[in-house]
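J.: Pasting a structure below so you can have a look.
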Amino acid sequence: MKRLAKWERVCAVICVLYLFPLSGCGSTDYTSLPDNYNKETDYPYSFFSTTGVAIAPAENGYYYVEGDFLFFLDSTSKEIAVVCNRPDCKHQHETDSKEVWKCDGYLGRVTFCNVQVYEDAVYVLTNGSTENDVLDLGAGDKLTKISLDGTKREDIRPVSITQGFTQPLRIHRGYAYYIESSKEGQALYRFPLDDIEAKVETVYSTKGYVSEFIPYGNHVYIQAEGNIFDYSITENQVQLLKEQYSLGGIYKDQLLVRSNDQPIEEPPTGEYELLDRNTKELSPFISLDTKDGIDAVYLDTNGEQLFEWRIPLADIFGENYVENPTYQFSVLNEQGTIQFSASYTLLKDSPVSFAPGDERFAFFWSIDRYGTGNIMLDLIDKENGFSRTNIFTENEKVLNPEVSSFE
Amino acid sequence: MQFAYELYKLVTKKIFYLFLAVVLVGNGVLFFTSQQDSVLIDEILPRYREILAEYEGFSTEETIDRLREIETKLNVYSQITGASQHPDEAQRQQQFDELQKQFPTEYDDYVKHPEQVKALQQDEQAYRRLIQEADYIEGFDESIDNINAQAEKMKKISIFGQKGTFSYNNIMKTPEDFAPLCSLPLSFGDSTALTAASTFRITDGLLFLFSFFLCFLLFLQEKENGLFTLLRTAKNGRTRLAGAKLLSAVLIVLVVSLICYGTVFASAAYLYDGFGDLSRYVQSMQAFSRCTIPMTVGQYIVVFLLSKAAAMLLITLIFAATFSISSSSGQAYVLIGGIVCVNLIAYLLIPPHSYLNLFKYMNFFELTDTYSLYTQYQNINLFSLPVNRVLFSYGFSACLAILSVTGIFLVFVKGVKLRGAAFLQKVSDSIARMFARLRKSSHLFSHELFKLMIGGKVIVLLLAAVLFTAYSLRQTELFLYTPEQVYVEYANTFAGVLNDQKIQYIKEERASLDRIDEEISALYEKVTQGELSSEEAAFQATLLRNRQQEKEEPLRVIEKQSAYLQTFKETRGITGAFVNERYTKEFFDRPEGGQTISILYIFLLIFAASYLVSYEYQTGMVRIVTASKHGKWRLFFTKYAVLFLFAILLWAVLYGRELIDMIRFFPIGDIGVPIQSMEQFSEIPIFMSIDSYLCCLYGFRLLGGLIVCTFTLSLSVFQLRRAFLILISSAVFLLPMLFEMLGLFSLLSFTANGLFCLNEISALPGGFFTAITETILLTLLCGIFVWFAKRRFCNE
């Protein structure tokens, strides 16, 4: 057999090296996963709430995005720190605008706070530079994958999210889902994480608004225009699940729902029902006493526990409006019996958010917008009598520093 | 003895002195030209020094206390001045009363001693610099303590606290590294001179070229002369010869580097009146707050100079190794171009957080960034061990230096050389035989073309350029964020000449958005009156809010565009048109893309142009070809024609990518509208449509390429070695473009940069005419140069 010339051998090696990656390392098959929660691949639905806190569970702690920075809360020491392993870095306290971007935990002037731990990496929205924002329209957000210690980053793809609240993007079984304006209204979109060139798919669109969605199992449950829709991931189809109902969360593998078939000027009903995901049957679940419409009541769930928020309507609407209203926070059992209760007084005209969390902690977020400008995150320790501890307080301006240059 | 002789060979060459003079003089001139802030130099800094001299007898703490008093006074005076401009008299008086109550002494001074107040306010900028230094010095110890505290806190965080990981090791190492800075005695002093000298990178570029030139003389010239083989056979012609050459190169580069960088420091000292107290620690200056080596200003200057010299030595060794292993200047040029390209890509394009970030710190651009090396504290992750960036860079450099030296010795001792040339030569011969069979003609043009393309291996470059262009063609649609999509829709609606109808439409659109709040209120009013259900009202309100949110920002951009066009019409009399700025900016406002292609274009042209005549001189064929029929002016101009053809083909291939991408993915629309429709080009003084501008843009680039070819080819007629040709042409055309691209120095108005950077120069006042003037001047100069070259070539 004729011996190959040296250059021919070199070419052959190069060809083998080039073709080897194509030899069959395909993407993960998510369609064979069961139709319930799978920790490694699924959106952590227990952290879902209609208000939203940019916090995501991880091993030994939680990642938290506030302002332009990524933090980590250690669940043992309850210490919270910017995800930057440089003790010499001033993080959010850096005053030199040319140095801010060097902090590993700095995410840029992103439009929304978003964080999720997925397949041993942290996914956040970042905004690297103004280079892409040629028209100064606040463009430039992208989905970025960060290593767990914050030292390595990889930009996945640009993402346009202009409407929504905290945690607008949710990763579930290989896809990232988010709500955004469409040509005539709003739509729920998705794109695959492992194919950066794949086009964004429209999962569901409407003329009105898409207010919420929860990915769970092989489905994505969508709240749009007062109705609940069910998108089947495996069948790639959207069906109307329930009309005139609102989505409260996932409770023991069923949907926690509430009827919104009442006049808008009346407070929501206290009747919560469970919607079986397979049979689509409704069953009564819990009835909260609204005191004949005096109180507004809301229920959040982490899948196992129920959390009630209660406030007199008159305190937040109408003539007896109170600047610092007080919410009653309670933990209920399935029968609606209060197991724990505490009062939470809000700061003047300032929003609050709640994340039901996991079996250990829940999170309460607030901002003193018209006073100190401080953002506060409180930990609610479920294993310690639901005690509330403030673990993070920082000024809003400090968390959104001026930056004069990027890398 | 051999070492002395190698030195002797260098110092007896006139061109060596010429080049050295250019480097030394150019270095000083460019430094002075770059220091433009006359207010700082002539007014603020002298006053700063005078004020600092007043505090000479005081300790740092006492100086800080006095400066705090001045700071309070300045703040109060500023508040009083601000209050006095309040339109409402009652409010004004109230503010005065409050200030008087809070700061009675300062208020009293303001009222009773206005001349003192005025004098203090005139020196405000100088005082602010001192106060800023005071803030920094006061907080320094606390910042070091914070590092310890932060490290302790971070150890409790699980993502950092795992032993054996890089994060944990880094947390342990950082306080240790900063420990020597605890309780360091800091003192006042300006840092402007030191930072100006330390951050001036032009010297690096000049010395880069000098090293190239020096290594050619020492390591390649003898190969091109054919003497290398002879030398290797002589006694001491191997190891000792290599050693002598290396030592000569090292010594000369060391001396010249120290002189050049020393000149920069001396110039800075002259310009800014010294570096202050040389015995104060550099950590006294905020720019050096992260420098973990406690050293004085004097020590820093010495360390800096030696570090820069070491960086230049590494580059020299790499060049020496490259020249040693190459068999021709062209080969060495391409190799060095490739090495520079790889280093530049690693240095500029790899983000610090990338998974490949190790390579970012393994290149000689990183090493020459000496200021950053010492002032930025950073540990590199080397197999989970934190290695200080300075140590890593110098360690890597030492390894590279050892490899280079080993390579040089291998070449001299074993005669190792690159074999690529032999393969290409075989291919060239095969093509030559094929052409000879196809066409038995010795037409001058085709023969010169063959010489360039096949003999000079320029066809390989052209093919590489085609592959590069094909590979870098955009494959995906331009990603438009939602507001950009809305803007593009608006822009498509308004496309074309701005007229009253469009202005009216924009106003109506704005009015309709402004009305949305009222419309929403009206909806709820209807609900109250029972005309509409609350659900329907809520739905309609949501739709309205969505619309408002979606269109607000894009409409603002449209309004800004419209306002600009209207103002432009009023002031300049040119009726502009609405263009899609998202797309036009993508095409016209990406300077780095155009500059990178231009650098590649110039690089390849220099390679090609330097071959065509110098090869004939080198082989002695020039006497034969010039003695033949058509061997004078016809041959002379044929060479230019052939080179121009290559320049045109290369221009089309490299710059065509931009146009193809634009047509496919972001078409700029009607190209018949005035170019001044884009605010970026508002400075262009004459009416010009976009298509005319595009013709100018690409025409100037082509002309620039032809000028590069003409210059290099004409120079080669004067019997310069190919390496010198490459060096001189690179210095004239390539280096300024590199400085432009790296943002080190803008030479748009003084070099051929203006021809390749028309978008950038047109944005400057008078820039377009400057580009035209440059073009005419350069063309004239080249024309004169060609005339002289022709006379020489034709023995006139």
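As shown in the structure tokens, the chain order sets the letters A, B, ...; within each chain, residues go from 1, and ligands are also counted from 1 in the order they appear.
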Give me, as a list in words, the contact residues of chain B against chain A at a cut-off of 7 Å, counting only C-alpha atoms.
T.: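 Those within range of chain A come out as Ile147, Gln150, Ala151, Lys156, Ile157, Ser158, Ile159, Phe160, Ser167, Ile171, Thr174, His353, Ser354, Tyr355, Tyr481, Thr482, Pro483, Ser534, Glu535, Phe539, Leu543, Glu553, Arg582 and Lys585 of chain B.
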J.: Which of region 303-375 of chain A end up as helix (DSSP H, G or I) when DSSP is run on this backbone - answer as a ChimeraX atom specification?
T.: /A:313-316
J.: As an exercise, work out the distance from CA of Ala311 (chain B) to CA of Phe288 (chain B) in Å and give it to one decimal place.
T.: 20.8 Å
J.: Just want the 9 Å neighbourhood of region 595-607 of chain B, counted on only C-alpha atoms, with same-chain residues fewer than 6 positions away dropped. Output as a PyMOL selection string.
T.: chain B and resi 330+333-334+337+456+458+461-462+643+646-647+650-651+654-655+701+704-706+708-709+712-713+725-726+729-730+733-735+737-738+740-741+756-757
J.: Dump C-alpha atoms for the selected residues as a PDB file, in the first residue's frame?
T.:
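The result, stored in again_33.pdb:
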```
ATOM      1  CA  GLY B 330       7.973  37.380   2.220  1.00  0.00           C
ATOM      2  CA  TYR B 333       6.352  38.834   6.756  1.00  0.00           C
ATOM      3  CA  VAL B 334       3.441  36.441   6.405  1.00  0.00           C
ATOM      4  CA  GLY B 337       1.636  38.912  10.286  1.00  0.00           C
ATOM      5  CA  GLY B 456       5.201  35.528  -5.601  1.00  0.00           C
ATOM      6  CA  VAL B 458       0.064  35.964  -4.292  1.00  0.00           C
ATOM      7  CA  LEU B 461      -3.271  35.119  -0.626  1.00  0.00           C
ATOM      8  CA  LEU B 462      -6.091  35.883  -3.013  1.00  0.00           C
ATOM      9  CA  LEU B 643      -0.211  45.020  -9.287  1.00  0.00           C
ATOM     10  CA  PHE B 646      -4.374  42.414  -7.988  1.00  0.00           C
ATOM     11  CA  ALA B 647      -5.254  45.427  -5.814  1.00  0.00           C
ATOM     12  CA  LEU B 650      -8.426  42.019  -3.572  1.00  0.00           C
ATOM     13  CA  TRP B 651     -10.415  45.199  -2.944  1.00  0.00           C
ATOM     14  CA  LEU B 654     -12.417  41.970   0.903  1.00  0.00           C
ATOM     15  CA  TYR B 655     -14.780  44.940   0.814  1.00  0.00           C
ATOM     16  CA  ARG B 701     -10.318  52.686  -0.361  1.00  0.00           C
ATOM     17  CA  GLY B 704      -5.636  54.034  -1.031  1.00  0.00           C
ATOM     18  CA  GLY B 705      -4.748  50.510  -2.064  1.00  0.00           C
ATOM     19  CA  LEU B 706      -3.328  51.708  -5.358  1.00  0.00           C
ATOM     20  CA  VAL B 708       0.110  51.632  -1.206  1.00  0.00           C
ATOM     21  CA  CYS B 709       1.041  49.540  -4.254  1.00  0.00           C
ATOM     22  CA  THR B 712       5.942  50.162  -2.357  1.00  0.00           C
ATOM     23  CA  LEU B 713       6.666  49.287  -5.960  1.00  0.00           C
ATOM     24  CA  LEU B 725      10.393  47.692   1.663  1.00  0.00           C
ATOM     25  CA  ILE B 726       7.978  45.861   3.874  1.00  0.00           C
ATOM     26  CA  SER B 729       5.604  50.577   3.751  1.00  0.00           C
ATOM     27  CA  SER B 730       4.292  49.096   6.986  1.00  0.00           C
ATOM     28  CA  PHE B 733       0.568  52.734   5.931  1.00  0.00           C
ATOM     29  CA  LEU B 734       0.016  49.798   8.263  1.00  0.00           C
ATOM     30  CA  LEU B 735       1.179  51.161  11.594  1.00  0.00           C
ATOM     31  CA  MET B 737      -4.022  52.128  10.665  1.00  0.00           C
ATOM     32  CA  LEU B 738      -3.213  49.853  13.589  1.00  0.00           C
ATOM     33  CA  GLU B 740      -6.309  54.073  14.547  1.00  0.00           C
ATOM     34  CA  MET B 741      -7.989  50.713  15.087  1.00  0.00           C
ATOM     35  CA  PHE B 756      -9.542  54.005   4.379  1.00  0.00           C
ATOM     36  CA  CYS B 757     -11.613  55.623   7.127  1.00  0.00           C
TER      37      CYS B 757
END
```
J.: Give me, as a list in words, all polymer residues having an atom no more than 10 Å from Pro168 (chain A), counting only C-alpha atoms and skipping those fewer than 6 positions away in the same chain.
T.: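 Near neighbours after the sequence-gap exclusion: Gly52, Ala54, Phe112, Cys113, Asn114, Val115, Leu125, Ile161, Thr162, Tyr177, Tyr178, Ile179, Glu180, Glu212 and Phe213 of chain A.
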J.: Could you turn the residues from that selection into a file that holds C-alpha atoms, as an mmCIF file, in the first residue's frame?
T.:
```cif
data_model
loop_
_atom_site.group_PDB
_atom_site.id
_atom_site.type_symbol
_atom_site.label_atom_id
_atom_site.label_comp_id
_atom_site.auth_asym_id
_atom_site.auth_seq_id
_atom_site.Cartn_x
_atom_site.Cartn_y
_atom_site.Cartn_z
ATOM 1 C CA GLY A 52 -41.934 37.577 41.335
ATOM 2 C CA ALA A 54 -35.396 37.262 40.911
ATOM 3 C CA PHE A 112 -35.210 42.948 33.862
ATOM 4 C CA CYS A 113 -33.747 40.946 36.709
ATOM 5 C CA ASN A 114 -33.731 37.280 35.816
ATOM 6 C CA VAL A 115 -31.890 34.284 37.185
ATOM 7 C CA LEU A 125 -29.985 38.371 31.439
ATOM 8 C CA ILE A 161 -38.018 41.546 26.507
ATOM 9 C CA THR A 162 -39.537 44.953 26.978
ATOM 10 C CA TYR A 177 -39.690 30.872 27.380
ATOM 11 C CA TYR A 178 -40.616 34.537 27.669
ATOM 12 C CA ILE A 179 -43.459 36.962 26.970
ATOM 13 C CA GLU A 180 -42.962 39.843 24.584
ATOM 14 C CA GLU A 212 -48.192 34.828 33.165
ATOM 15 C CA PHE A 213 -46.969 31.377 32.407
#
```
J.: For a quick check of understanding, using only C-alpha atoms, which of A:Glu323, A:Asp230, A:Asp381, A:Glu40 has the smallest distance to Phe364 (chain A)?
T.: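 Checking each of A:Glu323, A:Asp230, A:Asp381, A:Glu40 against Phe364 (chain A), counting only C-alpha atoms, the winner is A:Asp381.
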J.: Skipping near chain neighbours, those fewer than 2 positions away, what residues fall within 10 Å of Arg510 (chain B) using only C-alpha atoms, listed as number ranges by chain?
T.: B: 504-508, 512-515, 548, 551-552, 555-556, 559
J.: Could you take the residues named above and write them with N, CA and C atoms, as a tab-separated table (two decimals), in the first residue's frame?
T.:
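Result file follows (again-v2.tsv):
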```
chain	number	residue	atom	x	y	z
B	504	GLN	N	-46.52	66.12	9.70
B	504	GLN	CA	-47.86	66.15	10.31
B	504	GLN	C	-48.20	64.78	10.90
B	505	TYR	N	-47.88	63.75	10.18
B	505	TYR	CA	-48.17	62.38	10.62
B	505	TYR	C	-47.45	62.10	11.93
B	506	ILE	N	-46.20	62.54	12.00
B	506	ILE	CA	-45.41	62.31	13.23
B	506	ILE	C	-46.06	63.05	14.39
B	507	LYS	N	-46.48	64.25	14.13
B	507	LYS	CA	-47.13	65.04	15.21
B	507	LYS	C	-48.41	64.33	15.66
B	508	GLU	N	-49.15	63.83	14.70
B	508	GLU	CA	-50.41	63.15	15.04
B	508	GLU	C	-50.11	61.88	15.83
B	512	SER	N	-51.39	61.17	19.50
B	512	SER	CA	-52.22	59.99	19.82
B	512	SER	C	-51.62	59.23	20.99
B	513	LEU	N	-50.30	59.19	21.09
B	513	LEU	CA	-49.67	58.51	22.23
B	513	LEU	C	-49.89	59.32	23.51
B	514	ASP	N	-49.81	60.64	23.35
B	514	ASP	CA	-50.00	61.49	24.54
B	514	ASP	C	-51.44	61.44	25.04
B	515	ARG	N	-52.35	61.10	24.14
B	515	ARG	CA	-53.77	61.06	24.49
B	515	ARG	C	-54.16	59.77	25.20
B	548	GLN	N	-48.74	52.24	23.89
B	548	GLN	CA	-47.95	53.38	24.35
B	548	GLN	C	-46.52	52.95	24.69
B	551	LYS	N	-44.44	52.01	21.48
B	551	LYS	CA	-44.13	53.02	20.47
B	551	LYS	C	-43.40	54.25	21.02
B	552	GLU	N	-43.41	54.42	22.30
B	552	GLU	CA	-42.88	55.66	22.89
B	552	GLU	C	-41.43	55.92	22.48
B	555	LEU	N	-40.74	56.23	18.63
B	555	LEU	CA	-41.25	57.50	18.10
B	555	LEU	C	-40.33	58.65	18.48
B	556	ARG	N	-39.74	58.55	19.66
B	556	ARG	CA	-38.79	59.59	20.10
B	556	ARG	C	-37.62	59.65	19.12
B	559	GLU	N	-38.82	61.30	15.95
B	559	GLU	CA	-38.97	62.74	16.15
B	559	GLU	C	-37.61	63.43	16.10
```
J.: Can you list every residue in region 220-368 of chain A that DSSP puts in strand (DSSP E), as number ranges by chain?
T.: A: 220-224, 227-232, 237-242, 245-251, 254-259, 271-275, 282-287, 295-301, 306-312, 326-332, 338-345, 352-355, 361-367
